[in-house]
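Listing of data_3.csv; format and content: CSV, C-alpha atoms and all ligand atoms.
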chain,number,residue,atom,x,y,z
A,1,MET,CA,12.1,10.4,-2.5
A,2,LEU,CA,9.1,8.2,-3.1
A,3,LYS,CA,8.2,7.3,-6.7
A,4,LEU,CA,4.4,6.9,-7.2
A,5,ALA,CA,2.4,5.9,-10.3
A,6,VAL,CA,-0.7,8.1,-10.4
A,7,SER,CA,-3.7,8.5,-12.7
A,8,ALA,CA,-2.6,11.5,-14.8
A,9,CYS,CA,-6.0,13.3,-14.3
A,10,LEU,CA,-5.4,13.3,-10.5
A,11,LEU,CA,-2.1,15.2,-11.1
A,12,GLY,CA,-4.1,18.0,-12.8
A,13,GLU,CA,-3.5,16.9,-16.5
A,14,GLN,CA,-6.6,17.8,-18.6
A,15,ILE,CA,-6.8,14.3,-19.9
A,16,ARG,CA,-10.3,13.0,-19.0
A,17,TYR,CA,-12.8,12.3,-21.8
A,18,ASP,CA,-14.1,15.9,-21.8
A,19,LYS,CA,-10.6,17.5,-21.5
A,20,THR,CA,-10.9,18.2,-17.8
A,21,ALA,CA,-8.8,17.1,-14.9
A,22,GLN,CA,-9.6,15.8,-11.5
A,23,HIS,CA,-6.8,17.5,-9.6
A,24,ASP,CA,-6.2,16.0,-6.2
A,25,ARG,CA,-4.4,18.6,-4.0
A,26,PHE,CA,-3.4,16.1,-1.3
A,27,ILE,CA,-1.5,14.1,-3.8
A,28,THR,CA,0.2,16.9,-5.6
A,29,ASP,CA,0.7,19.5,-2.8
A,30,LYS,CA,1.3,17.3,0.2
A,31,LEU,CA,2.6,14.0,-1.1
A,32,GLY,CA,4.3,15.8,-3.9
A,33,LYS,CA,6.8,17.3,-1.5
A,34,TYR,CA,8.2,13.8,-1.0
A,35,ALA,CA,7.3,12.0,-4.2
A,36,LEU,CA,8.1,11.9,-7.9
A,37,PHE,CA,5.1,11.0,-10.0
A,38,VAL,CA,4.9,8.5,-12.9
A,39,PRO,CA,1.6,9.5,-14.6
A,40,PHE,CA,-0.4,7.1,-16.7
A,41,CYS,CA,-3.6,7.3,-18.7
A,42,PRO,CA,-4.6,4.3,-20.7
A,43,GLU,CA,-7.7,5.9,-22.3
A,44,HIS,CA,-5.7,8.9,-23.6
A,45,LEU,CA,-3.1,6.6,-25.0
A,46,ALA,CA,-5.8,4.5,-26.8
A,47,PHE,CA,-8.2,7.2,-27.9
A,48,GLY,CA,-6.7,10.7,-27.4
A,49,THR,CA,-8.4,13.6,-25.7
A,50,PRO,CA,-11.3,14.6,-25.9
A,51,ARG,CA,-12.9,11.2,-26.6
A,52,GLU,CA,-16.1,9.4,-26.4
A,53,THR,CA,-16.8,7.8,-23.0
A,54,ILE,CA,-16.5,4.0,-22.7
A,55,ARG,CA,-18.1,1.3,-20.6
A,56,ILE,CA,-17.2,-2.2,-19.7
A,57,VAL,CA,-19.7,-4.7,-20.9
A,58,LEU,CA,-19.7,-8.3,-19.7
A,59,GLU,CA,-20.5,-10.9,-22.3
A,60,GLU,CA,-20.3,-14.4,-21.1
A,61,GLU,CA,-17.7,-13.5,-18.5
A,62,ARG,CA,-15.7,-11.7,-21.2
A,63,LYS,CA,-15.0,-8.0,-20.6
A,64,LYS,CA,-15.6,-5.9,-23.7
A,65,VAL,CA,-15.0,-2.2,-23.9
A,66,ILE,CA,-17.7,-0.4,-25.8
A,67,THR,CA,-18.0,3.3,-26.7
A,68,VAL,CA,-21.2,4.6,-25.1
A,69,PHE,CA,-22.8,6.5,-28.0
A,70,SER,CA,-21.4,4.9,-31.2
A,71,LYS,CA,-21.4,1.4,-29.7
A,72,ASN,CA,-18.0,0.5,-31.1
A,73,ASP,CA,-16.1,-2.4,-29.7
A,74,VAL,CA,-12.7,-0.9,-28.7
A,75,THR,CA,-11.5,-3.7,-26.5
A,76,GLN,CA,-8.3,-4.4,-28.4
A,77,ALA,CA,-7.1,-0.8,-28.5
A,78,MET,CA,-7.9,-0.5,-24.7
A,79,ASN,CA,-6.1,-3.8,-23.8
A,80,GLU,CA,-3.0,-2.7,-25.8
A,81,ALA,CA,-3.0,0.7,-24.0
A,82,VAL,CA,-3.4,-1.0,-20.6
A,83,GLU,CA,-0.4,-3.3,-21.4
A,84,HIS,CA,1.7,-0.3,-22.5
A,85,GLU,CA,0.9,1.7,-19.4
A,86,LEU,CA,1.6,-1.3,-17.2
A,87,HIS,CA,5.1,-1.8,-18.8
A,88,LYS,CA,5.7,1.9,-18.2
A,89,ILE,CA,5.1,1.8,-14.5
A,90,GLN,CA,6.8,-1.6,-14.1
A,91,SER,CA,10.0,-0.1,-15.6
A,92,GLU,CA,10.1,2.5,-12.8
A,93,GLU,CA,11.0,1.7,-9.2
A,94,ILE,CA,7.6,2.7,-7.8
A,95,CYS,CA,6.5,2.2,-4.2
A,96,GLY,CA,2.8,2.8,-4.7
A,97,ILE,CA,-0.1,3.3,-7.2
A,98,ILE,CA,-2.9,5.9,-6.8
A,99,LEU,CA,-5.9,5.4,-9.1
A,100,LYS,CA,-8.8,7.6,-10.0
A,101,SER,CA,-12.1,6.2,-8.6
A,102,LYS,CA,-15.2,5.3,-10.6
A,103,SER,CA,-13.4,5.2,-14.0
A,104,PRO,CA,-13.9,2.1,-16.2
A,105,SER,CA,-10.1,2.1,-16.5
A,106,CYS,CA,-8.7,3.2,-13.1
A,107,GLY,CA,-11.5,2.6,-10.6
A,108,LEU,CA,-10.4,0.3,-7.8
A,109,GLY,CA,-13.5,-1.7,-7.0
A,110,SER,CA,-15.6,1.3,-8.1
A,111,ALA,CA,-15.8,0.8,-11.9
A,112,LYS,CA,-19.3,0.1,-13.2
A,113,TYR,CA,-19.8,-3.1,-15.2
A,114,TYR,CA,-22.7,-3.6,-17.5
A,115,THR,CA,-24.4,-6.4,-19.4
A,116,GLU,CA,-26.0,-5.4,-22.6
A,117,LYS,CA,-29.1,-4.1,-20.8
A,118,MET,CA,-28.3,-3.2,-17.3
A,119,SER,CA,-25.7,-2.3,-14.7
A,120,GLU,CA,-23.9,-5.3,-13.2
A,121,GLY,CA,-22.4,-3.6,-10.1
A,122,LYS,CA,-18.9,-2.3,-9.4
A,123,LYS,CA,-15.6,-4.0,-9.8
A,124,ASP,CA,-12.0,-3.1,-10.7
A,125,GLY,CA,-11.5,-1.0,-13.8
A,126,LEU,CA,-9.4,-2.6,-16.6
A,127,PHE,CA,-6.1,-0.9,-15.6
A,128,ALA,CA,-6.7,-1.3,-11.9
A,129,PHE,CA,-7.4,-5.0,-12.4
A,130,THR,CA,-4.1,-5.4,-14.3
A,131,CYS,CA,-2.2,-3.5,-11.7
A,132,LYS,CA,-3.5,-5.6,-8.9
A,133,ALA,CA,-2.6,-8.8,-10.8
A,134,HIS,CA,1.0,-7.6,-11.3
A,135,PHE,CA,1.7,-5.7,-8.1
A,136,VAL,CA,1.0,-8.2,-5.3
A,137,ASP,CA,1.3,-7.1,-1.6
A,138,PHE,CA,1.8,-3.6,-2.9
A,139,PRO,CA,0.4,-0.2,-1.8
A,140,ILE,CA,-2.5,0.5,-4.2
A,141,GLU,CA,-5.4,2.9,-3.5
A,142,GLU,CA,-7.9,5.1,-5.2
A,143,GLU,CA,-8.1,8.8,-4.3
A,144,ALA,CA,-11.7,8.7,-3.1
A,145,ARG,CA,-10.8,6.2,-0.3
A,146,LEU,CA,-8.0,8.5,0.8
A,147,ILE,CA,-10.5,11.0,2.0
A,148,ASP,CA,-11.0,8.7,5.0
A,149,PRO,CA,-8.4,9.9,7.5
A,150,CYS,CA,-7.7,6.3,8.8
A,151,LEU,CA,-7.2,4.8,5.3
A,152,ARG,CA,-5.0,7.7,4.3
A,153,GLU,CA,-2.8,7.4,7.3
A,154,ASN,CA,-2.5,3.7,6.8
A,155,PHE,CA,-1.7,4.1,3.1
A,156,VAL,CA,0.9,6.8,3.5
A,157,MET,CA,2.6,4.8,6.3
A,158,GLN,CA,2.6,1.8,3.9
A,159,LEU,CA,4.2,3.9,1.1
A,160,PHE,CA,7.1,5.0,3.2
A,161,ALA,CA,7.6,1.6,4.7
A,162,TYR,CA,7.6,0.0,1.2
A,163,GLU,CA,10.2,2.6,0.0
A,164,ASP,CA,12.4,1.7,3.0
A,165,ALA,CA,12.1,-2.0,2.1
A,166,LEU,CA,13.1,-1.2,-1.5
A,167,GLN,CA,16.1,0.7,-0.3
A,168,LEU,CA,17.2,-2.0,2.0
A,169,GLN,CA,16.8,-4.6,-0.7
A,170,LYS,CA,19.1,-2.6,-3.0
A,171,ASN,CA,21.7,-1.5,-0.6
A,172,ILE,CA,22.0,-4.2,2.2
A,173,LYS,CA,25.5,-5.4,2.8
A,174,THR,CA,25.5,-6.9,6.3
A,175,MET,CA,23.2,-8.9,8.5
A,176,GLN,CA,23.4,-6.1,11.1
A,177,GLU,CA,21.6,-3.8,8.7
A,178,LEU,CA,18.7,-6.2,8.5
A,179,VAL,CA,18.7,-6.5,12.4
A,180,SER,CA,18.6,-2.7,12.6
A,181,PHE,CA,15.8,-2.4,10.1
A,182,HIS,CA,13.7,-4.9,12.0
A,183,THR,CA,14.5,-3.2,15.3
A,184,ALA,CA,13.3,0.2,14.0
A,185,TYR,CA,10.1,-1.3,12.6
A,186,LYS,CA,9.3,-3.3,15.8
A,187,PHE,CA,6.3,-1.3,17.1
A,188,LEU,CA,5.0,-0.4,13.6
A,189,LEU,CA,4.9,-4.1,12.7
A,190,GLN,CA,3.3,-5.0,16.0
A,191,SER,CA,0.6,-2.4,15.3
A,192,LYS,CA,-0.1,-4.2,12.0
A,193,HIS,CA,0.1,-7.9,12.8
A,194,GLU,CA,1.6,-9.2,16.0
A,195,ALA,CA,2.0,-12.8,14.8
A,196,ASN,CA,3.8,-11.8,11.6
A,197,TYR,CA,6.0,-9.5,13.7
A,198,ARG,CA,7.2,-12.5,15.7
A,199,ILE,CA,7.8,-14.6,12.6
A,200,LEU,CA,9.9,-11.7,11.2
A,201,GLY,CA,11.9,-11.7,14.4
A,202,LYS,CA,12.6,-15.4,13.9
A,203,ILE,CA,13.6,-14.9,10.3
A,204,VAL,CA,16.1,-12.2,11.3
A,205,ALA,CA,17.6,-14.5,14.0
A,206,ASN,CA,18.6,-16.7,11.1
A,207,HIS,CA,19.2,-19.9,13.1
A,208,GLU,CA,19.6,-21.9,9.9
A,209,LYS,CA,22.5,-19.7,8.8
A,210,LYS,CA,21.0,-18.8,5.4
A,211,SER,CA,22.8,-16.4,3.1
A,212,LEU,CA,22.2,-12.7,3.6
A,213,GLN,CA,20.5,-12.5,0.2
A,214,GLU,CA,18.2,-15.4,0.9
A,215,ILE,CA,17.3,-14.1,4.4
A,216,THR,CA,16.7,-10.6,3.2
A,217,GLN,CA,14.4,-11.8,0.5
A,218,THR,CA,12.4,-14.0,2.9
A,219,TYR,CA,12.2,-11.2,5.4
A,220,LEU,CA,11.0,-8.5,2.9
A,221,THR,CA,8.4,-10.7,1.4
A,222,LEU,CA,6.7,-11.1,4.7
A,223,PHE,CA,7.4,-7.5,5.7
A,224,LYS,CA,5.5,-6.3,2.6
A,225,LYS,CA,2.6,-8.5,3.4
A,226,THR,CA,2.5,-7.3,7.0
A,227,ILE,CA,2.5,-3.6,6.3
A,228,VAL,CA,-0.6,-4.0,4.1
A,229,TYR,CA,-2.7,-4.8,7.2
A,230,LYS,CA,-4.7,-1.9,8.5
A,231,GLY,CA,-4.1,-0.7,12.1
A,232,SER,CA,-6.9,-0.3,14.6
A,233,ILE,CA,-7.4,1.7,17.8
A,234,GLY,CA,-7.1,-1.5,19.8
A,235,LYS,CA,-3.8,-2.6,18.2
A,236,THR,CA,-2.4,1.0,18.4
A,237,VAL,CA,-3.3,1.2,22.1
A,238,ASN,CA,-1.5,-2.1,22.7
A,239,VAL,CA,1.6,-0.8,21.0
A,240,LEU,CA,1.4,2.5,23.0
A,241,GLN,CA,1.3,0.6,26.2
A,242,HIS,CA,4.3,-1.5,25.1
A,243,MET,CA,6.2,1.7,24.4
A,244,VAL,CA,5.4,3.1,27.8
A,245,GLY,CA,6.4,-0.2,29.4
A,246,PHE,CA,9.8,0.2,27.7
A,247,PHE,CA,10.8,3.2,29.8
A,248,LYS,CA,8.4,3.1,32.7
A,249,LYS,CA,11.3,2.7,35.2
A,250,GLU,CA,12.6,6.1,34.2
A,251,LEU,CA,9.2,7.9,34.3
A,252,THR,CA,8.0,9.7,37.4
A,253,SER,CA,4.6,8.6,38.7
A,254,SER,CA,2.9,11.8,37.4
A,255,GLU,CA,4.5,11.2,33.9
A,256,LYS,CA,3.2,7.6,34.0
A,257,GLU,CA,-0.2,8.8,35.1
A,258,GLU,CA,-0.4,11.4,32.4
A,259,LEU,CA,0.7,9.0,29.7
A,260,HIS,CA,-1.9,6.4,30.7
A,261,MET,CA,-4.6,9.0,30.8
A,262,GLN,CA,-3.7,10.2,27.3
A,263,ILE,CA,-3.7,6.6,26.0
A,264,GLU,CA,-7.2,6.1,27.5
A,265,GLU,CA,-8.4,9.4,25.9
A,266,PHE,CA,-7.0,8.2,22.6
A,267,ARG,CA,-8.9,4.9,23.0
A,268,ASP,CA,-12.1,6.8,23.7
A,269,GLU,CA,-11.5,9.0,20.7
A,270,ILE,CA,-11.2,12.2,22.8
A,271,ILE,CA,-7.6,13.1,21.6
A,272,PRO,CA,-5.8,12.2,18.3
A,273,LEU,CA,-2.8,9.9,18.1
A,274,ILE,CA,-0.4,12.8,17.5
A,275,ALA,CA,-1.0,14.1,21.1
A,276,VAL,CA,0.1,10.8,22.7
A,277,MET,CA,3.0,10.4,20.3
A,278,GLY,CA,4.1,13.9,21.1
A,279,THR,CA,4.2,13.1,24.8
A,280,ILE,CA,6.1,9.8,24.3
A,281,GLU,CA,8.6,11.5,22.0
A,282,PHE,CA,9.1,14.3,24.5
A,283,LEU,CA,9.7,11.9,27.4
A,284,ALA,CA,11.9,9.6,25.3
A,285,LYS,CA,14.1,12.7,24.5
A,286,LYS,CA,14.1,13.7,28.2
A,287,TYR,CA,15.3,10.3,29.3
A,288,ASN,CA,17.5,9.8,26.1
A,289,THR,CA,15.7,6.5,25.3
A,290,THR,CA,17.3,6.0,21.9
A,291,TYR,CA,15.5,2.7,21.3
A,292,LEU,CA,12.2,4.5,21.3
A,293,LEU,CA,13.4,7.5,19.4
A,294,GLY,CA,14.6,5.2,16.6
A,295,GLN,CA,11.1,3.6,16.2
A,296,LYS,CA,9.4,4.1,12.8
A,297,PHE,CA,6.1,4.0,14.6
A,298,LEU,CA,6.9,7.3,16.3
A,299,ASN,CA,7.6,9.0,12.9
A,300,PRO,CA,6.6,6.7,10.0
A,301,TYR,CA,6.5,9.6,7.5
A,302,PRO,CA,7.4,13.4,7.5
A,303,LYS,CA,5.6,15.2,10.3
A,304,ASP,CA,4.2,18.0,8.1
A,305,LEU,CA,1.9,15.5,6.3
A,306,SER,CA,0.0,15.8,9.6
A,307,LEU,CA,-1.9,12.6,9.2
A,308,ARG,CA,-2.3,11.8,12.9
A,309,SER,CA,-3.9,15.0,14.0
A,310,MET,CA,-7.5,14.0,13.6
A,311,ILE,CA,-9.4,11.8,16.0
A,312,GLN,CA,-10.4,9.2,13.4
A,313,GLU,CA,-6.8,8.6,12.4
A,314,GLY,CA,-5.1,5.6,13.9
A,315,LYS,CA,-8.4,3.6,14.1
B,401,LIG,S1,-8.2,6.7,-17.8
B,401,LIG,FE1,-7.6,6.9,-15.7
B,401,LIG,S2,-6.0,8.5,-15.8
B,401,LIG,FE2,-7.1,8.6,-17.7
B,401,LIG,S3,-8.6,10.2,-17.4
B,401,LIG,FE3,-9.6,8.2,-17.0
B,401,LIG,S4,-9.3,8.0,-14.8
B,401,LIG,FE4,-7.9,9.6,-15.4
Reformat the file's structure so that it appears as structure tokens.
Ligand code: SF4
Amino acid sequence: MLKLAVSACLLGEQIRYDKTAQHDRFITDKLGKYALFVPFCPEHLAFGTPRETIRIVLEEERKKVITVFSKNDVTQAMNEAVEHELHKIQSEEICGIILKSKSPSCGLGSAKYYTEKMSEGKKDGLFAFTCKAHFVDFPIEEEARLIDPCLRENFVMQLFAYEDALQLQKNIKTMQELVSFHTAYKFLLQSKHEANYRILGKIVANHEKKSLQEITQTYLTLFKKTIVYKGSIGKTVNVLQHMVGFFKKELTSSEKEELHMQIEEFRDEIIPLIAVMGTIEFLAKKYNTTYLLGQKFLNPYPKDLSLRSMIQEGK
């Protein structure tokens, strides 16, 4: 089970300034089948609900939190609440954070900043800023960006890969387990960052005979950095061709032709990634190609999340 820290209002809690929620059904109904949630709400903690709205005001580079109507400076109460909520999520073994967009607390690059007189553009809200500083190379997104099918697919893939990395870190006992982990992630890592994939291979080879603990630590640090990279159609096509190359000797000429045609149609955005993956999986089963069937890239998350069934996914 994944454990995700999520803005409480996205989980349906009526905790916004006006006692409403901003329930996000993808998070609760789809991800919720595979995730436990750690809710947070720094504003509720600081000011209760309902409450006056706040805004971030920049004063000589200093961020002040001011209530919009009564013009009170509530910076200290807000900073204390942010610290409290940060400690709460740090004490849990989370593998991702989902923030509510446009909020002065939770917005990820979408919180409005003001000077005394005018809007100063959009940046990270106070809690989002603190999360980014403490959770480096970590899956963090805001719900508004997850409407984009490509970003959503990338983010969910990253969540499941990060959780796998956490489990490996906790439970690893032999070098073979690290080798198996890297083998299973081969094509997924290639689809993210080819050069990093090769470095990770060298780390696993462990020519310097480092201890299992040291090598695992080095490996997972780069692994987490690598899965943050966004895939692209070009990189995905490259990986699909590698996969086909892996069992091309077994395939009949018409199967090869069909697969190449599907890959081209995926490249031209005529068919979604799931169609090509379905054919590869079918043929890998037919020829009992266990190496391919064990690839995370084939099934990086539960199928019923159906994240690869739109043309735009996998871009
Ligand atoms: S502070 Fe964050 S969690 Fe709380 S209501 Fe605002 S956006 Fe939602």
For this session: Counting only C-alpha atoms, note down every residue that has an atom within 9 Å of the point (-0.3, -4.6, 3.9) (file coordinates), as a list of chain:residue names.
Result: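 Counting only C-alpha atoms, I find these residues within 9 Å of (-0.3, -4.6, 3.9): A:Asp137, A:Phe138, A:Pro139, A:Phe155, A:Gln158, A:Lys192, A:Phe223, A:Lys224, A:Lys225, A:Thr226, A:Ile227, A:Val228, A:Tyr229, A:Lys230.
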Problem set entry | Phe47 (chain A) surroundings by all atoms listed in the file, 9 Å radius, close-in-sequence under 4 positions cut, as a list in words | Pro42, Glu43, Arg51, Glu52, Ala77 and Met78 of chain A
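Put simply, CA of Glu269 (chain A) is 15.1 Å away from CA of Asn238 (chain A).
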Set the cut-off to 7 Å, count all atoms listed in the file, and list whatever residues fall near ligand LIG 401 (chain B) as a tab-separated table (two decimals) with C-alpha atoms, in the frame of the given file.
chain	number	residue	atom	x	y	z
A	7	SER	CA	-3.70	8.50	-12.70
A	8	ALA	CA	-2.60	11.50	-14.80
A	9	CYS	CA	-6.00	13.30	-14.30
A	10	LEU	CA	-5.40	13.30	-10.50
A	15	ILE	CA	-6.80	14.30	-19.90
A	16	ARG	CA	-10.30	13.00	-19.00
A	17	TYR	CA	-12.80	12.30	-21.80
A	40	PHE	CA	-0.40	7.10	-16.70
A	41	CYS	CA	-3.60	7.30	-18.70
A	42	PRO	CA	-4.60	4.30	-20.70
A	43	GLU	CA	-7.70	5.90	-22.30
A	44	HIS	CA	-5.70	8.90	-23.60
A	99	LEU	CA	-5.90	5.40	-9.10
A	100	LYS	CA	-8.80	7.60	-10.00
A	103	SER	CA	-13.40	5.20	-14.00
A	105	SER	CA	-10.10	2.10	-16.50
A	106	CYS	CA	-8.70	3.20	-13.10
Exercise. Which residue gives the smallest distance to Gln167 (chain A) among A:Gln190, A:Val239, A:Lys210, A:Leu2, with only C-alpha atoms counted?
Worked result: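 So, comparing all the options, the nearest one is A:Leu2.
Using only C-alpha atoms, the shortest contact distance between Gln14 (chain A) and any of A:Lys303, A:Phe69, A:Pro50, A:Arg62 is found at A:Pro50.
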For this session: Please measure the separation of CA of Ile54 (chain A) and CA of Asp148 (chain A), giving the value in Å to one decimal.
Result: 28.6 Å
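Nearest-residue note for Lys88 (chain A): choosing from A:Tyr197, A:Thr67, A:Gly12, A:Ala5, the minimum distance belongs to A:Ala5, counting all atoms listed in the file.
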Please complete region 152-173 of chain A with N, CA and C atoms and give it back as a PDB file, in the frame of the given file.
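Here's the written file selection17.pdb:
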ATOM      1  N   ARG A 152      -6.141   6.916   4.815  1.00  0.00           N
ATOM      2  CA  ARG A 152      -5.000   7.700   4.300  1.00  0.00           C
ATOM      3  C   ARG A 152      -3.786   7.561   5.132  1.00  0.00           C
ATOM      4  N   GLU A 153      -3.973   7.555   6.455  1.00  0.00           N
ATOM      5  CA  GLU A 153      -2.800   7.400   7.300  1.00  0.00           C
ATOM      6  C   GLU A 153      -2.158   6.032   7.111  1.00  0.00           C
ATOM      7  N   ASN A 154      -2.991   5.011   7.013  1.00  0.00           N
ATOM      8  CA  ASN A 154      -2.500   3.700   6.800  1.00  0.00           C
ATOM      9  C   ASN A 154      -1.738   3.566   5.443  1.00  0.00           C
ATOM     10  N   PHE A 155      -2.318   4.177   4.417  1.00  0.00           N
ATOM     11  CA  PHE A 155      -1.700   4.100   3.100  1.00  0.00           C
ATOM     12  C   PHE A 155      -0.385   4.812   3.019  1.00  0.00           C
ATOM     13  N   VAL A 156      -0.330   6.005   3.592  1.00  0.00           N
ATOM     14  CA  VAL A 156       0.900   6.800   3.500  1.00  0.00           C
ATOM     15  C   VAL A 156       2.011   6.080   4.350  1.00  0.00           C
ATOM     16  N   MET A 157       1.614   5.524   5.491  1.00  0.00           N
ATOM     17  CA  MET A 157       2.600   4.800   6.300  1.00  0.00           C
ATOM     18  C   MET A 157       3.125   3.593   5.473  1.00  0.00           C
ATOM     19  N   GLN A 158       2.225   2.956   4.741  1.00  0.00           N
ATOM     20  CA  GLN A 158       2.600   1.800   3.900  1.00  0.00           C
ATOM     21  C   GLN A 158       3.578   2.234   2.787  1.00  0.00           C
ATOM     22  N   LEU A 159       3.309   3.396   2.189  1.00  0.00           N
ATOM     23  CA  LEU A 159       4.200   3.900   1.100  1.00  0.00           C
ATOM     24  C   LEU A 159       5.618   4.079   1.599  1.00  0.00           C
ATOM     25  N   PHE A 160       5.744   4.747   2.745  1.00  0.00           N
ATOM     26  CA  PHE A 160       7.100   5.000   3.200  1.00  0.00           C
ATOM     27  C   PHE A 160       7.797   3.750   3.701  1.00  0.00           C
ATOM     28  N   ALA A 161       7.035   2.822   4.280  1.00  0.00           N
ATOM     29  CA  ALA A 161       7.600   1.600   4.700  1.00  0.00           C
ATOM     30  C   ALA A 161       8.073   0.744   3.484  1.00  0.00           C
ATOM     31  N   TYR A 162       7.258   0.776   2.436  1.00  0.00           N
ATOM     32  CA  TYR A 162       7.600   0.000   1.200  1.00  0.00           C
ATOM     33  C   TYR A 162       8.868   0.597   0.587  1.00  0.00           C
ATOM     34  N   GLU A 163       8.967   1.915   0.586  1.00  0.00           N
ATOM     35  CA  GLU A 163      10.200   2.600   0.000  1.00  0.00           C
ATOM     36  C   GLU A 163      11.400   2.177   0.846  1.00  0.00           C
ATOM     37  N   ASP A 164      11.265   2.147   2.167  1.00  0.00           N
ATOM     38  CA  ASP A 164      12.400   1.700   3.000  1.00  0.00           C
ATOM     39  C   ASP A 164      12.799   0.291   2.668  1.00  0.00           C
ATOM     40  N   ALA A 165      11.784  -0.567   2.429  1.00  0.00           N
ATOM     41  CA  ALA A 165      12.100  -2.000   2.100  1.00  0.00           C
ATOM     42  C   ALA A 165      12.824  -2.039   0.748  1.00  0.00           C
ATOM     43  N   LEU A 166      12.408  -1.219  -0.217  1.00  0.00           N
ATOM     44  CA  LEU A 166      13.100  -1.200  -1.500  1.00  0.00           C
ATOM     45  C   LEU A 166      14.558  -0.782  -1.356  1.00  0.00           C
ATOM     46  N   GLN A 167      14.775   0.246  -0.549  1.00  0.00           N
ATOM     47  CA  GLN A 167      16.100   0.700  -0.300  1.00  0.00           C
ATOM     48  C   GLN A 167      17.009  -0.310   0.351  1.00  0.00           C
ATOM     49  N   LEU A 168      16.402  -0.995   1.332  1.00  0.00           N
ATOM     50  CA  LEU A 168      17.200  -2.000   2.000  1.00  0.00           C
ATOM     51  C   LEU A 168      17.544  -3.142   1.055  1.00  0.00           C
ATOM     52  N   GLN A 169      16.577  -3.567   0.270  1.00  0.00           N
ATOM     53  CA  GLN A 169      16.800  -4.600  -0.700  1.00  0.00           C
ATOM     54  C   GLN A 169      17.970  -4.276  -1.658  1.00  0.00           C
ATOM     55  N   LYS A 170      18.019  -3.004  -2.045  1.00  0.00           N
ATOM     56  CA  LYS A 170      19.100  -2.600  -3.000  1.00  0.00           C
ATOM     57  C   LYS A 170      20.423  -2.441  -2.373  1.00  0.00           C
ATOM     58  N   ASN A 171      20.453  -1.969  -1.122  1.00  0.00           N
ATOM     59  CA  ASN A 171      21.700  -1.500  -0.600  1.00  0.00           C
ATOM     60  C   ASN A 171      22.308  -2.413   0.545  1.00  0.00           C
ATOM     61  N   ILE A 172      21.572  -3.414   0.996  1.00  0.00           N
ATOM     62  CA  ILE A 172      22.000  -4.200   2.200  1.00  0.00           C
ATOM     63  C   ILE A 172      23.358  -4.855   1.937  1.00  0.00           C
ATOM     64  N   LYS A 173      24.231  -4.752   2.953  1.00  0.00           N
ATOM     65  CA  LYS A 173      25.500  -5.400   2.800  1.00  0.00           C
ATOM     66  C   LYS A 173      25.851  -6.307   4.014  1.00  0.00           C
TER      67      LYS A 173
END
